[in-house]
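What's in structure-v8.tsv: TSV, C-alpha atoms
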```tsv
chain	number	residue	atom	x	y	z
A	1	MET	CA	129.18	-55.22	123.84
A	2	LYS	CA	129.87	-56.18	127.44
A	3	ARG	CA	132.85	-53.86	127.52
A	4	VAL	CA	130.79	-50.94	126.22
A	5	LEU	CA	128.13	-51.63	128.86
A	6	ARG	CA	130.75	-51.79	131.63
A	7	VAL	CA	132.33	-48.54	130.51
A	8	SER	CA	128.91	-46.85	130.32
A	9	VAL	CA	127.92	-48.03	133.80
A	10	SER	CA	131.28	-46.91	135.21
A	11	PHE	CA	130.90	-43.57	133.53
A	12	LEU	CA	127.38	-43.14	134.92
A	13	LEU	CA	128.58	-44.15	138.39
A	14	VAL	CA	131.39	-41.62	138.27
A	15	LEU	CA	128.94	-38.99	137.06
A	16	VAL	CA	126.47	-39.72	139.87
A	17	LEU	CA	129.18	-39.80	142.56
A	18	GLY	CA	130.74	-36.64	141.16
A	19	GLY	CA	127.35	-34.97	141.19
A	20	LEU	CA	126.70	-36.00	144.77
A	21	PHE	CA	130.12	-34.87	145.88
A	22	SER	CA	129.92	-31.49	144.12
A	23	ARG	CA	126.42	-30.99	145.56
A	24	SER	CA	127.71	-31.52	149.10
A	25	VAL	CA	130.63	-29.24	148.34
A	26	PHE	CA	128.24	-26.56	147.16
A	27	VAL	CA	126.05	-27.00	150.24
A	28	VAL	CA	129.03	-26.78	152.62
A	29	ARG	CA	130.43	-23.82	150.75
A	30	GLY	CA	126.99	-22.14	150.87
A	31	THR	CA	126.82	-22.64	154.65
A	32	ASP	CA	130.38	-21.40	155.11
A	33	ASP	CA	129.60	-18.31	153.05
A	34	ALA	CA	126.47	-17.66	155.09
A	35	VAL	CA	128.37	-18.05	158.38
A	36	SER	CA	131.05	-15.64	157.23
A	37	SER	CA	128.42	-13.17	155.93
A	38	VAL	CA	126.64	-13.22	159.29
A	39	GLY	CA	130.00	-12.70	161.04
A	40	GLU	CA	130.74	-9.75	158.76
A	41	ALA	CA	127.30	-8.31	159.40
A	42	ASP	CA	127.86	-8.61	163.17
A	43	ALA	CA	131.22	-6.81	162.87
A	44	ALA	CA	129.68	-4.14	160.62
A	45	VAL	CA	126.90	-3.47	163.15
A	46	ARG	CA	129.43	-3.16	165.99
A	47	GLY	CA	131.52	-0.77	163.90
A	48	ALA	CA	128.45	1.30	163.06
A	49	PHE	CA	127.48	1.47	166.74
A	50	ASN	CA	131.02	2.55	167.73
A	51	ALA	CA	130.85	5.33	165.12
A	52	THR	CA	127.40	6.36	166.41
A	53	LEU	CA	128.68	6.48	169.97
A	54	ASN	CA	131.59	8.68	168.88
A	55	ALA	CA	129.17	11.02	167.09
A	56	GLU	CA	127.04	11.16	170.25
A	57	LYS	CA	130.11	12.03	172.34
A	58	ALA	CA	130.70	14.94	169.94
A	59	ALA	CA	127.16	16.10	170.88
A	60	ALA	CA	125.52	15.07	167.59
A	61	ASN	CA	121.85	14.06	167.52
A	62	VAL	CA	121.95	10.32	166.81
A	63	SER	CA	118.22	9.47	167.02
A	64	GLY	CA	117.98	8.72	163.29
A	65	LEU	CA	121.11	6.55	163.39
A	66	ILE	CA	119.75	4.54	166.34
A	67	LEU	CA	116.55	3.81	164.38
A	68	ARG	CA	118.57	2.52	161.44
A	69	LEU	CA	120.83	0.50	163.74
A	70	ASN	CA	117.72	-1.22	165.13
A	71	GLU	CA	116.75	-2.05	161.56
A	72	ALA	CA	120.22	-3.51	160.93
A	73	GLY	CA	120.07	-5.41	164.26
A	74	GLY	CA	116.69	-6.88	163.29
A	75	LEU	CA	118.11	-8.08	159.97
A	76	LEU	CA	121.09	-9.61	161.77
A	77	ASP	CA	118.69	-11.46	164.12
A	78	GLU	CA	116.77	-12.74	161.09
A	79	ALA	CA	120.02	-13.80	159.39
A	80	GLU	CA	121.04	-15.78	162.47
A	81	VAL	CA	117.62	-17.43	162.68
A	82	ALA	CA	117.82	-18.36	158.97
A	83	LEU	CA	121.30	-19.76	159.55
A	84	ALA	CA	120.09	-21.81	162.51
A	85	ASN	CA	117.29	-23.17	160.31
A	86	GLY	CA	119.81	-24.15	157.63
A	87	ASN	CA	118.59	-21.55	155.15
A	88	SER	CA	121.96	-20.27	153.94
A	89	THR	CA	120.58	-18.27	151.03
A	90	GLU	CA	118.25	-16.24	153.23
A	91	ALA	CA	120.95	-15.86	155.90
A	92	SER	CA	123.41	-14.44	153.33
A	93	SER	CA	120.76	-12.16	151.85
A	94	LYS	CA	119.72	-10.75	155.25
A	95	ALA	CA	123.35	-10.38	156.29
A	96	GLY	CA	124.05	-8.49	153.06
A	97	GLN	CA	121.16	-6.10	153.69
A	98	CYS	CA	122.36	-5.65	157.27
A	99	ILE	CA	125.90	-4.83	156.12
A	100	GLY	CA	124.52	-2.25	153.67
A	101	ILE	CA	122.59	-0.44	156.40
A	102	ALA	CA	125.44	-0.70	158.92
A	103	GLU	CA	127.95	0.76	156.48
A	104	SER	CA	125.67	3.66	155.58
A	105	VAL	CA	125.07	4.31	159.32
A	106	LYS	CA	128.83	4.30	159.92
A	107	SER	CA	129.55	6.79	157.15
A	108	ASP	CA	126.63	9.04	158.26
A	109	ALA	CA	127.84	8.85	161.86
A	110	ASP	CA	131.35	9.87	160.83
A	111	ALA	CA	129.96	12.83	158.83
A	112	LEU	CA	127.67	13.78	161.71
A	113	LYS	CA	130.58	13.66	164.15
A	114	ALA	CA	132.72	15.91	161.94
A	115	SER	CA	129.92	18.47	161.57
A	116	ALA	CA	129.10	18.31	165.30
A	117	LEU	CA	132.77	18.90	166.18
A	118	ASP	CA	132.86	21.84	163.77
A	119	GLN	CA	129.74	23.31	165.30
A	120	ALA	CA	131.04	22.70	168.83
A	121	ARG	CA	134.28	24.51	167.94
A	122	THR	CA	132.36	27.52	166.61
A	123	VAL	CA	130.12	27.61	169.68
A	124	PHE	CA	133.14	27.31	171.97
A	125	TRP	CA	135.00	30.24	170.35
A	126	THR	CA	131.83	32.38	170.30
A	127	TYR	CA	131.19	31.71	173.98
A	128	LEU	CA	134.85	32.22	174.87
A	129	THR	CA	134.97	35.57	173.04
A	130	PHE	CA	131.74	36.67	174.72
A	131	SER	CA	132.98	35.60	178.16
A	132	VAL	CA	136.39	37.27	177.85
A	133	VAL	CA	135.09	40.54	176.35
A	134	SER	CA	132.13	40.88	178.70
A	135	SER	CA	134.20	39.95	181.77
A	136	ALA	CA	136.89	42.48	180.84
A	137	ALA	CA	134.27	45.19	180.22
A	138	PHE	CA	132.64	44.42	183.53
A	139	VAL	CA	135.94	44.55	185.43
A	140	VAL	CA	136.90	47.86	183.77
A	141	ALA	CA	133.46	49.33	184.52
A	142	LEU	CA	133.68	48.17	188.11
A	143	ALA	CA	137.17	49.65	188.47
A	144	LEU	CA	135.90	53.01	187.19
A	145	VAL	CA	132.97	52.90	189.60
A	146	TRP	CA	135.38	52.03	192.42
A	147	ARG	CA	137.67	54.98	191.60
A	148	ARG	CA	134.74	57.35	191.52
A	149	PHE	CA	133.33	55.90	194.69
A	150	LYS	CA	136.70	56.08	196.44
A	151	ARG	CA	137.25	59.71	195.37
A	152	GLY	CA	133.78	60.65	196.54
A	153	ASN	CA	134.32	58.88	199.80
A	154	ILE	CA	137.67	60.64	200.46
A	155	ARG	CA	136.17	64.04	199.56
A	156	LYS	CA	133.33	63.35	201.95
A	157	VAL	CA	135.74	62.46	204.77
A	158	LEU	CA	137.92	65.54	204.13
A	159	GLY	CA	134.87	67.83	204.04
A	160	MET	CA	133.69	66.70	207.41
A	161	ARG	CA	133.88	69.14	210.26
A	162	PRO	CA	134.83	68.00	213.73
A	163	GLU	CA	131.76	67.63	215.81
A	164	VAL	CA	131.65	69.42	219.14
A	165	ALA	CA	130.12	67.46	221.87
A	166	VAL	CA	128.89	69.10	224.99
A	167	ASP	CA	129.55	67.31	228.16
A	168	GLU	CA	126.37	67.92	230.04
A	169	ALA	CA	127.61	66.24	233.11
B	1	MET	CA	131.73	51.29	207.11
B	2	LYS	CA	135.37	51.86	206.27
B	3	LEU	CA	136.79	52.24	202.76
B	4	GLU	CA	138.57	48.87	203.13
B	5	ASP	CA	135.22	47.16	203.75
B	6	TYR	CA	133.84	48.74	200.56
B	7	ARG	CA	136.86	47.44	198.69
B	8	VAL	CA	136.04	43.85	199.79
B	9	VAL	CA	132.44	44.32	198.60
B	10	PHE	CA	133.65	45.59	195.20
B	11	VAL	CA	136.09	42.67	194.80
B	12	ALA	CA	133.32	40.18	195.66
B	13	VAL	CA	130.91	41.79	193.19
B	14	GLY	CA	133.68	41.72	190.58
B	15	LEU	CA	134.35	38.01	191.08
B	16	ILE	CA	130.65	37.12	190.96
B	17	GLY	CA	130.23	39.18	187.78
B	18	VAL	CA	133.24	37.55	186.09
B	19	LEU	CA	131.89	34.10	186.99
B	20	LEU	CA	128.47	35.01	185.59
B	21	PHE	CA	129.91	36.29	182.33
B	22	ALA	CA	132.18	33.22	182.04
B	23	SER	CA	129.33	30.77	182.74
B	24	PRO	CA	128.53	30.06	179.03
B	25	VAL	CA	132.07	28.89	178.33
B	26	LEU	CA	132.34	27.15	181.71
B	27	SER	CA	129.21	25.14	180.87
B	28	LEU	CA	131.03	23.75	177.84
B	29	VAL	CA	134.14	22.79	179.77
B	30	VAL	CA	132.85	21.68	183.18
B	31	ARG	CA	130.70	18.54	183.12
B	32	LEU	CA	128.54	18.02	186.17
B	33	PRO	CA	127.95	14.43	187.27
B	34	GLY	CA	124.58	13.05	186.16
B	35	GLY	CA	122.18	10.91	188.16
B	36	GLU	CA	122.34	7.20	188.82
B	37	ARG	CA	123.16	5.14	185.71
B	38	PHE	CA	121.37	1.86	185.15
B	39	SER	CA	119.40	-0.28	182.71
B	40	GLU	CA	115.93	-1.69	183.21
B	41	LEU	CA	114.65	-5.08	182.11
B	42	TRP	CA	111.04	-6.20	182.44
B	43	VAL	CA	108.59	-8.76	181.20
B	44	LEU	CA	104.91	-8.02	180.54
B	45	GLY	CA	101.90	-10.14	179.68
B	46	PRO	CA	100.22	-10.32	176.25
B	47	GLY	CA	98.33	-7.06	176.86
B	48	HIS	CA	101.53	-5.10	177.62
B	49	MET	CA	100.48	-5.13	181.30
B	50	ALA	CA	101.95	-6.85	184.35
B	51	GLU	CA	99.09	-9.38	184.31
B	52	ASP	CA	97.82	-12.46	182.46
B	53	TYR	CA	101.26	-13.99	182.30
B	54	PRO	CA	101.27	-17.51	180.89
B	55	PHE	CA	101.68	-20.00	183.74
B	56	ASN	CA	99.86	-23.27	183.07
B	57	VAL	CA	101.16	-24.16	179.64
B	58	ARG	CA	100.33	-27.00	177.27
B	59	GLU	CA	101.82	-28.64	174.23
B	60	ASN	CA	101.14	-26.96	170.86
B	61	GLU	CA	99.61	-23.82	172.32
B	62	SER	CA	101.12	-20.45	171.62
B	63	TYR	CA	101.92	-17.97	174.40
B	64	LEU	CA	102.99	-14.35	174.23
B	65	VAL	CA	104.94	-12.10	176.58
B	66	TYR	CA	106.75	-8.82	175.96
B	67	VAL	CA	110.29	-8.20	177.11
B	68	GLY	CA	111.32	-4.59	177.61
B	69	VAL	CA	114.57	-2.74	178.16
B	70	GLY	CA	115.16	0.81	179.39
B	71	ASN	CA	118.44	2.67	179.01
B	72	HIS	CA	119.47	5.20	181.69
B	73	LEU	CA	123.22	4.95	181.19
B	74	GLY	CA	123.80	8.51	180.04
B	75	SER	CA	124.59	7.48	176.46
B	76	SER	CA	123.26	5.20	173.73
B	77	ALA	CA	123.61	1.48	174.35
B	78	TYR	CA	123.64	-1.73	172.31
B	79	TYR	CA	121.90	-4.55	174.15
B	80	VAL	CA	121.45	-8.22	173.44
B	81	MET	CA	118.79	-10.24	175.23
B	82	TYR	CA	119.39	-13.97	175.40
B	83	VAL	CA	116.39	-16.25	175.89
B	84	LYS	CA	117.20	-19.39	177.88
B	85	PHE	CA	115.16	-22.32	179.17
B	86	ARG	CA	115.88	-24.43	182.24
B	87	ASN	CA	114.56	-27.06	184.58
B	88	GLU	CA	114.79	-26.71	188.35
B	89	THR	CA	118.26	-28.27	188.58
B	90	GLU	CA	119.96	-26.06	186.03
B	91	PRO	CA	121.56	-22.77	187.09
B	92	LEU	CA	120.09	-19.29	186.86
B	93	PRO	CA	122.41	-16.26	186.51
B	94	ASN	CA	124.09	-15.30	189.77
B	95	ALA	CA	123.10	-11.70	190.48
B	96	THR	CA	125.48	-11.42	193.46
B	97	SER	CA	128.60	-12.30	191.53
B	98	GLY	CA	127.28	-10.98	188.20
B	99	VAL	CA	127.76	-14.27	186.40
B	100	PRO	CA	125.36	-15.34	183.62
B	101	SER	CA	123.78	-18.78	183.43
B	102	VAL	CA	126.00	-21.35	181.75
B	103	LEU	CA	123.06	-22.54	179.64
B	104	ALA	CA	123.35	-21.84	175.92
B	105	PRO	CA	121.00	-19.15	174.63
B	106	LEU	CA	118.18	-20.36	172.40
B	107	TYR	CA	117.19	-17.05	170.90
B	108	GLU	CA	118.53	-13.54	170.91
B	109	TYR	CA	117.28	-10.02	170.32
B	110	ARG	CA	119.40	-7.01	169.50
B	111	LEU	CA	118.27	-3.61	170.67
B	112	PHE	CA	119.83	-0.18	170.29
B	113	LEU	CA	118.55	2.47	172.67
B	114	GLU	CA	119.31	6.14	173.14
B	115	ASP	CA	119.78	7.50	176.64
B	116	ASN	CA	116.40	7.41	178.44
B	117	GLY	CA	114.99	5.32	175.60
B	118	THR	CA	112.95	2.16	176.05
B	119	GLY	CA	112.16	-0.74	173.76
B	120	GLU	CA	109.89	-3.77	173.90
B	121	VAL	CA	110.02	-6.96	171.85
B	122	PRO	CA	107.47	-9.77	171.58
B	123	LEU	CA	108.40	-13.25	172.74
B	124	ASN	CA	106.04	-15.80	171.24
B	125	PHE	CA	106.64	-19.35	172.40
B	126	SER	CA	105.12	-22.80	172.28
B	127	PHE	CA	106.12	-26.34	173.23
B	128	SER	CA	106.01	-29.55	171.26
B	129	ASN	CA	107.09	-33.12	171.75
B	130	VAL	CA	106.00	-33.01	175.41
B	131	SER	CA	105.62	-36.25	177.32
B	132	PHE	CA	104.67	-37.30	180.84
B	133	TYR	CA	105.82	-40.59	182.30
B	134	GLY	CA	106.47	-41.94	185.78
B	135	GLY	CA	106.22	-38.64	187.64
B	136	GLN	CA	108.35	-36.86	185.06
B	137	SER	CA	107.64	-34.44	182.28
B	138	THR	CA	109.88	-33.95	179.27
B	139	VAL	CA	109.83	-31.10	176.77
B	140	GLY	CA	111.36	-32.01	173.44
B	141	ASN	CA	111.04	-28.77	171.47
B	142	LEU	CA	110.55	-25.12	172.28
B	143	THR	CA	109.53	-22.80	169.48
B	144	ILE	CA	110.38	-19.13	169.91
B	145	ASN	CA	109.06	-16.61	167.38
B	146	GLY	CA	108.63	-19.35	164.81
B	147	VAL	CA	112.04	-20.96	165.28
B	148	THR	CA	112.07	-24.44	166.80
B	149	PHE	CA	114.83	-25.55	169.14
B	150	GLY	CA	115.43	-29.05	170.47
B	151	VAL	CA	115.69	-28.60	174.24
B	152	ASP	CA	115.06	-32.06	175.75
B	153	LYS	CA	114.48	-30.92	179.33
B	154	SER	CA	112.91	-33.07	182.01
B	155	VAL	CA	111.48	-32.16	185.39
B	156	SER	CA	110.06	-34.24	188.20
B	157	TRP	CA	106.67	-33.68	189.76
B	158	ASP	CA	106.92	-30.90	192.36
B	159	GLU	CA	105.05	-32.16	195.42
B	160	ALA	CA	105.09	-28.82	197.22
B	161	ASP	CA	103.68	-26.73	194.38
B	162	SER	CA	101.87	-29.50	192.51
B	163	GLY	CA	103.24	-29.12	189.03
B	164	TYR	CA	105.98	-29.72	186.48
B	165	TYR	CA	107.93	-26.49	186.60
B	166	TYR	CA	110.19	-25.14	183.90
B	167	GLN	CA	111.61	-21.65	183.74
B	168	LEU	CA	111.96	-19.37	180.74
B	169	PHE	CA	114.36	-16.53	181.42
B	170	MET	CA	115.91	-13.63	179.58
B	171	GLU	CA	119.41	-12.29	180.29
B	172	LEU	CA	120.47	-8.77	179.40
B	173	TRP	CA	123.93	-8.31	177.92
B	174	ILE	CA	125.49	-5.04	176.85
B	175	TYR	CA	128.08	-4.21	174.22
B	176	ASP	CA	131.32	-2.86	175.64
B	177	GLU	CA	133.01	-0.66	173.04
B	178	ALA	CA	136.38	-0.83	174.84
B	179	THR	CA	136.65	-4.61	174.45
B	180	ASN	CA	134.40	-4.85	171.37
B	181	MET	CA	132.49	-7.64	173.16
B	182	PHE	CA	129.18	-8.23	174.87
B	183	VAL	CA	129.27	-8.53	178.66
B	184	PHE	CA	126.57	-9.75	181.02
B	185	HIS	CA	124.76	-6.69	182.38
B	186	ASN	CA	123.70	-8.50	185.56
B	187	ARG	CA	120.00	-8.31	184.83
B	188	PHE	CA	117.56	-11.07	184.05
B	189	VAL	CA	113.83	-11.69	184.19
B	190	SER	CA	112.09	-15.03	184.28
B	191	ARG	CA	108.72	-16.77	184.20
B	192	TRP	CA	107.89	-20.09	185.83
B	193	LEU	CA	105.83	-22.33	183.58
B	194	ASN	CA	103.82	-25.29	184.79
B	195	MET	CA	103.61	-27.90	182.03
B	196	THR	CA	100.21	-29.50	181.93
B	197	ALA	CA	98.91	-32.38	179.86
B	198	THR	CA	96.65	-31.75	176.88
B	199	VAL	CA	93.18	-33.16	177.65
```

As structure tokens - that is how I would like this structure written.
Amino acid sequence: MKRVLRVSVSFLLVLVLGGLFSRSVFVVRGTDDAVSSVGEADAAVRGAFNATLNAEKAAANVSGLILRLNEAGGLLDEAEVALANGNSTEASSKAGQCIGIAESVKSDADALKASALDQARTVFWTYLTFSVVSSAAFVVALALVWRRFKRGNIRKVLGMRPEVAVDEA
Amino acid sequence: MKLEDYRVVFVAVGLIGVLLFASPVLSLVVRLPGGERFSELWVLGPGHMAEDYPFNVRENESYLVYVGVGNHLGSSAYYVMYVKFRNETEPLPNATSGVPSVLAPLYEYRLFLEDNGTGEVPLNFSFSNVSFYGGQSTVGNLTINGVTFGVDKSVSWDEADSGYYYQLFMELWIYDEATNMFVFHNRFVSRWLNMTATV
């Protein structure tokens, strides 16, 4: 009887200790996961901003992307606050939402950059064609005017009669 | 006027015309320098005006200011504002050498702004665990936008200005895409706060 009781108590003790240990493991793992999620969210937001900046350099309109980046930044702030308050679940959830927005901003920024570059290329070739053709036409027209003017001027000089001046003195 | 003089006039007109016709494509290639590039940082009172700033503060009362940022850098920018709290012996940022305060930030805001864009964020704060003893005041906790931080700052009675003065200040940092890091943007704003006892 005593032996059974001892075994039962030992078993219960092991169970309780095991439970406590696994609980702390879960808590630590939860915090670690939240920290890494917030870190990933931070990296995702930076990546999305870099992509937005590249799209802006390609002359794309990035107003909509900036609005969404502010939304992602707000979620990242909230995730960090939740992490500081020890609320790992909320921190991970906010970080996850932030990553979702940041990734969609990044892919939209890349697409926007590609289309802006395409458009810029078209505009460049259109302008270049216009500039070259119109400049050439202008130069040719000016050359023709010059020839005509020069011919007229020479004819005028050749048609001149010497003027006789009377010396009144 | 001689024929040679006319020739010079024609060449000049030709060059001006070619430049005019080439101006659309030149505008795409040649980038003219813009104006001065800078960022703004400001702090406003609870009514979004430069008035009614909190000054005489008490334990367990809530105060509100607005912190604003303006971007005139010629491109979009990613800013972080760090909120810090100090007593009179702790360092402020050094504007001359462009070095931030060594104090750890309590709270941070992220803000993305387009060129010529501005943004304003609320900064709601309150103090708790405040004590006064032997010519000293100690603040135990500072709560910013609902998040409480243990600060444990003490100040001595200021004879000259008759008060216990703490300073709440905000530093502006900017994301540098080349290094993938935030760098101090050499701008900060601050508010002096005189801690008073609750009657």

Closest atom pairs, residues of chain B within 8 Å of chain A, all atoms listed in the file, as JSON lines:
```
{"residue": "B:Leu3", "atom": "CA", "partner": "A:Lys150", "partner_atom": "CA", "distance": 7.4}
{"residue": "B:Arg7", "atom": "CA", "partner": "A:Trp146", "partner_atom": "CA", "distance": 7.9}
{"residue": "B:Phe10", "atom": "CA", "partner": "A:Trp146", "partner_atom": "CA", "distance": 7.2}
{"residue": "B:Gly14", "atom": "CA", "partner": "A:Val139", "partner_atom": "CA", "distance": 6.3}
{"residue": "B:Gly17", "atom": "CA", "partner": "A:Phe138", "partner_atom": "CA", "distance": 7.2}
{"residue": "B:Val18", "atom": "CA", "partner": "A:Ser135", "partner_atom": "CA", "distance": 5.0}
{"residue": "B:Phe21", "atom": "CA", "partner": "A:Ser131", "partner_atom": "CA", "distance": 5.2}
{"residue": "B:Ala22", "atom": "CA", "partner": "A:Ser131", "partner_atom": "CA", "distance": 4.6}
{"residue": "B:Ser23", "atom": "CA", "partner": "A:Ser131", "partner_atom": "CA", "distance": 7.6}
{"residue": "B:Pro24", "atom": "CA", "partner": "A:Tyr127", "partner_atom": "CA", "distance": 5.9}
{"residue": "B:Val25", "atom": "CA", "partner": "A:Tyr127", "partner_atom": "CA", "distance": 5.3}
{"residue": "B:Leu28", "atom": "CA", "partner": "A:Phe124", "partner_atom": "CA", "distance": 7.2}
{"residue": "B:Ser75", "atom": "CA", "partner": "A:Glu56", "partner_atom": "CA", "distance": 7.6}
{"residue": "B:Ser76", "atom": "CA", "partner": "A:Leu53", "partner_atom": "CA", "distance": 6.7}
{"residue": "B:Tyr78", "atom": "CA", "partner": "A:Phe49", "partner_atom": "CA", "distance": 7.5}
{"residue": "B:Glu108", "atom": "CA", "partner": "A:Asp77", "partner_atom": "CA", "distance": 7.1}
{"residue": "B:Tyr109", "atom": "CA", "partner": "A:Asp77", "partner_atom": "CA", "distance": 6.5}
{"residue": "B:Arg110", "atom": "CA", "partner": "A:Gly73", "partner_atom": "CA", "distance": 5.5}
{"residue": "B:Leu111", "atom": "CA", "partner": "A:Asn70", "partner_atom": "CA", "distance": 6.1}
{"residue": "B:Phe112", "atom": "CA", "partner": "A:Asn70", "partner_atom": "CA", "distance": 5.7}
{"residue": "B:Leu113", "atom": "CA", "partner": "A:Ile66", "partner_atom": "CA", "distance": 6.8}
{"residue": "B:Glu114", "atom": "CA", "partner": "A:Ile66", "partner_atom": "CA", "distance": 7.0}
{"residue": "B:Val147", "atom": "CA", "partner": "A:Val81", "partner_atom": "CA", "distance": 7.1}
{"residue": "B:Glu177", "atom": "CA", "partner": "A:Asn50", "partner_atom": "CA", "distance": 6.5}
{"residue": "B:Asn180", "atom": "CA", "partner": "A:Arg46", "partner_atom": "CA", "distance": 7.5}
```

Give me a file of those residues, with C-alpha atoms, as a short mmCIF file (atom, residue, chain, number, x, y, z; two decimals), in the coordinates of the input.
```cif
data_model
loop_
_atom_site.label_atom_id
_atom_site.label_comp_id
_atom_site.auth_asym_id
_atom_site.auth_seq_id
_atom_site.Cartn_x
_atom_site.Cartn_y
_atom_site.Cartn_z
CA LEU B 3 136.79 52.24 202.76
CA ARG B 7 136.86 47.44 198.69
CA PHE B 10 133.65 45.59 195.20
CA GLY B 14 133.68 41.72 190.58
CA GLY B 17 130.23 39.18 187.78
CA VAL B 18 133.24 37.55 186.09
CA PHE B 21 129.91 36.29 182.33
CA ALA B 22 132.18 33.22 182.04
CA SER B 23 129.33 30.77 182.74
CA PRO B 24 128.53 30.06 179.03
CA VAL B 25 132.07 28.89 178.33
CA LEU B 28 131.03 23.75 177.84
CA SER B 75 124.59 7.48 176.46
CA SER B 76 123.26 5.20 173.73
CA TYR B 78 123.64 -1.73 172.31
CA GLU B 108 118.53 -13.54 170.91
CA TYR B 109 117.28 -10.02 170.32
CA ARG B 110 119.40 -7.01 169.50
CA LEU B 111 118.27 -3.61 170.67
CA PHE B 112 119.83 -0.18 170.29
CA LEU B 113 118.55 2.47 172.67
CA GLU B 114 119.31 6.14 173.14
CA VAL B 147 112.04 -20.96 165.28
CA GLU B 177 133.01 -0.66 173.04
CA ASN B 180 134.40 -4.85 171.37
#
```

*asked:* What does the structure give for the distance between atom CA of Ala60 of chain A and atom CA of Thr118 of chain B, in Å to one decimal?
replied: 19.9 Å

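The interatomic distance for the pair atom CA of Gly47 of chain B and atom CA of His72 of chain B works out to 24.9 Å.
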
Within 6 Å of Met195 of chain B, counting only C-alpha atoms, which residues show up once you throw out same-chain ones fewer than 4 positions away? Write them as an mmCIF file with C-alpha atoms, in the coordinates of the input, please.
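What landed in selection.cif:
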```
data_model
loop_
_atom_site.group_PDB
_atom_site.id
_atom_site.type_symbol
_atom_site.label_atom_id
_atom_site.label_comp_id
_atom_site.auth_asym_id
_atom_site.auth_seq_id
_atom_site.Cartn_x
_atom_site.Cartn_y
_atom_site.Cartn_z
ATOM 1 C CA VAL B 57 101.160 -24.160 179.640
ATOM 2 C CA ARG B 58 100.330 -27.000 177.270
ATOM 3 C CA TYR B 164 105.980 -29.720 186.480
#
```

*Mind pulling up the distance from atom CA of Ser39 of chain B to atom CA of Ala95 of chain B?*
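According to the coordinates, atom CA of Ala95 of chain B and atom CA of Ser39 of chain B are separated by 14.3 Å.
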
*May I have the residues within 10 Å of Val99 of chain B as a PyMOL selection string, using only C-alpha atoms and disregarding those fewer than 6 positions away in the same chain?*
chain B and resi 92-93+183-187

Same residues, C-alpha atoms, output as a short mmCIF file (atom, residue, chain, number, x, y, z; two decimals), in the coordinates of the input:
```cif
data_model
loop_
_atom_site.label_atom_id
_atom_site.label_comp_id
_atom_site.auth_asym_id
_atom_site.auth_seq_id
_atom_site.Cartn_x
_atom_site.Cartn_y
_atom_site.Cartn_z
CA LEU B 92 120.09 -19.29 186.86
CA PRO B 93 122.41 -16.26 186.51
CA VAL B 183 129.27 -8.53 178.66
CA PHE B 184 126.57 -9.75 181.02
CA HIS B 185 124.76 -6.69 182.38
CA ASN B 186 123.70 -8.50 185.56
CA ARG B 187 120.00 -8.31 184.83
#
```

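Residues lying within 8 Å of Ala41 of chain A, counting only C-alpha atoms and ignoring same-chain neighbours fewer than 6 positions away, are Leu76, Ala95, Gly96, Cys98, Ile99 and Ala102 of chain A.
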
File of the preceding selection, C-alpha atoms, as a CSV table (one decimal), in the coordinates of the input:
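Just written: selection.csv:
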```csv
chain,number,residue,atom,x,y,z
A,76,LEU,CA,121.1,-9.6,161.8
A,95,ALA,CA,123.4,-10.4,156.3
A,96,GLY,CA,124.0,-8.5,153.1
A,98,CYS,CA,122.4,-5.6,157.3
A,99,ILE,CA,125.9,-4.8,156.1
A,102,ALA,CA,125.4,-0.7,158.9
```

_Test item: residues at most 12 Å from Met49 of chain B, all atoms listed in the file, excluding those fewer than 6 positions along its chain, as number ranges by chain_ = B: 42-43, 64-68

*Which protein, DNA or RNA residues are at most 10 Å from (121.0, -18.3, 153.8) in the file's coordinates when you count only C-alpha atoms, listed as an MDAnalysis selection string?*
chainID A and resid 30:35 37:38 79:95

Considering only C-alpha atoms, return as a PDB file with C-alpha atoms, in the frame of the given file whatever protein or nucleic-acid residues lie within 12 Å of Glu36 of chain B, sequence-local ones (same chain, fewer than 4 positions apart) excluded.
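Output contents, as saved in part.pdb:
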```pdb
ATOM      1  CA  ASN B  71     118.440   2.670 179.010  1.00  0.00           C
ATOM      2  CA  HIS B  72     119.470   5.200 181.690  1.00  0.00           C
ATOM      3  CA  LEU B  73     123.220   4.950 181.190  1.00  0.00           C
ATOM      4  CA  GLY B  74     123.800   8.510 180.040  1.00  0.00           C
ATOM      5  CA  ASN B 116     116.400   7.410 178.440  1.00  0.00           C
TER       6      ASN B 116
END
```

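Between Val189 of chain B and the candidates B:Thr148, B:Gln167, B:Asn87, B:Ser62, the tightest atom-to-atom separation, counting all atoms listed in the file, involves B:Gln167.
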
Name the residues within 8 Å of (114.8, -14.5, 180.4), counting all atoms listed in the file in the file's coordinates, and put them as a short mmCIF file (atom, residue, chain, number, x, y, z; two decimals) with C-alpha atoms, keeping the file's coordinate frame.
```
data_model
loop_
_atom_site.label_atom_id
_atom_site.label_comp_id
_atom_site.auth_asym_id
_atom_site.auth_seq_id
_atom_site.Cartn_x
_atom_site.Cartn_y
_atom_site.Cartn_z
CA MET B 81 118.79 -10.24 175.23
CA TYR B 82 119.39 -13.97 175.40
CA VAL B 83 116.39 -16.25 175.89
CA LYS B 84 117.20 -19.39 177.88
CA PHE B 85 115.16 -22.32 179.17
CA LEU B 168 111.96 -19.37 180.74
CA PHE B 169 114.36 -16.53 181.42
CA MET B 170 115.91 -13.63 179.58
CA GLU B 171 119.41 -12.29 180.29
CA PHE B 188 117.56 -11.07 184.05
CA VAL B 189 113.83 -11.69 184.19
CA SER B 190 112.09 -15.03 184.28
CA ARG B 191 108.72 -16.77 184.20
#
```

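Proximity ranking of B:Val155, B:Val9, B:Val139, B:Val30 relative to Glu90 of chain B places B:Val155 first, based on all atoms listed in the file.
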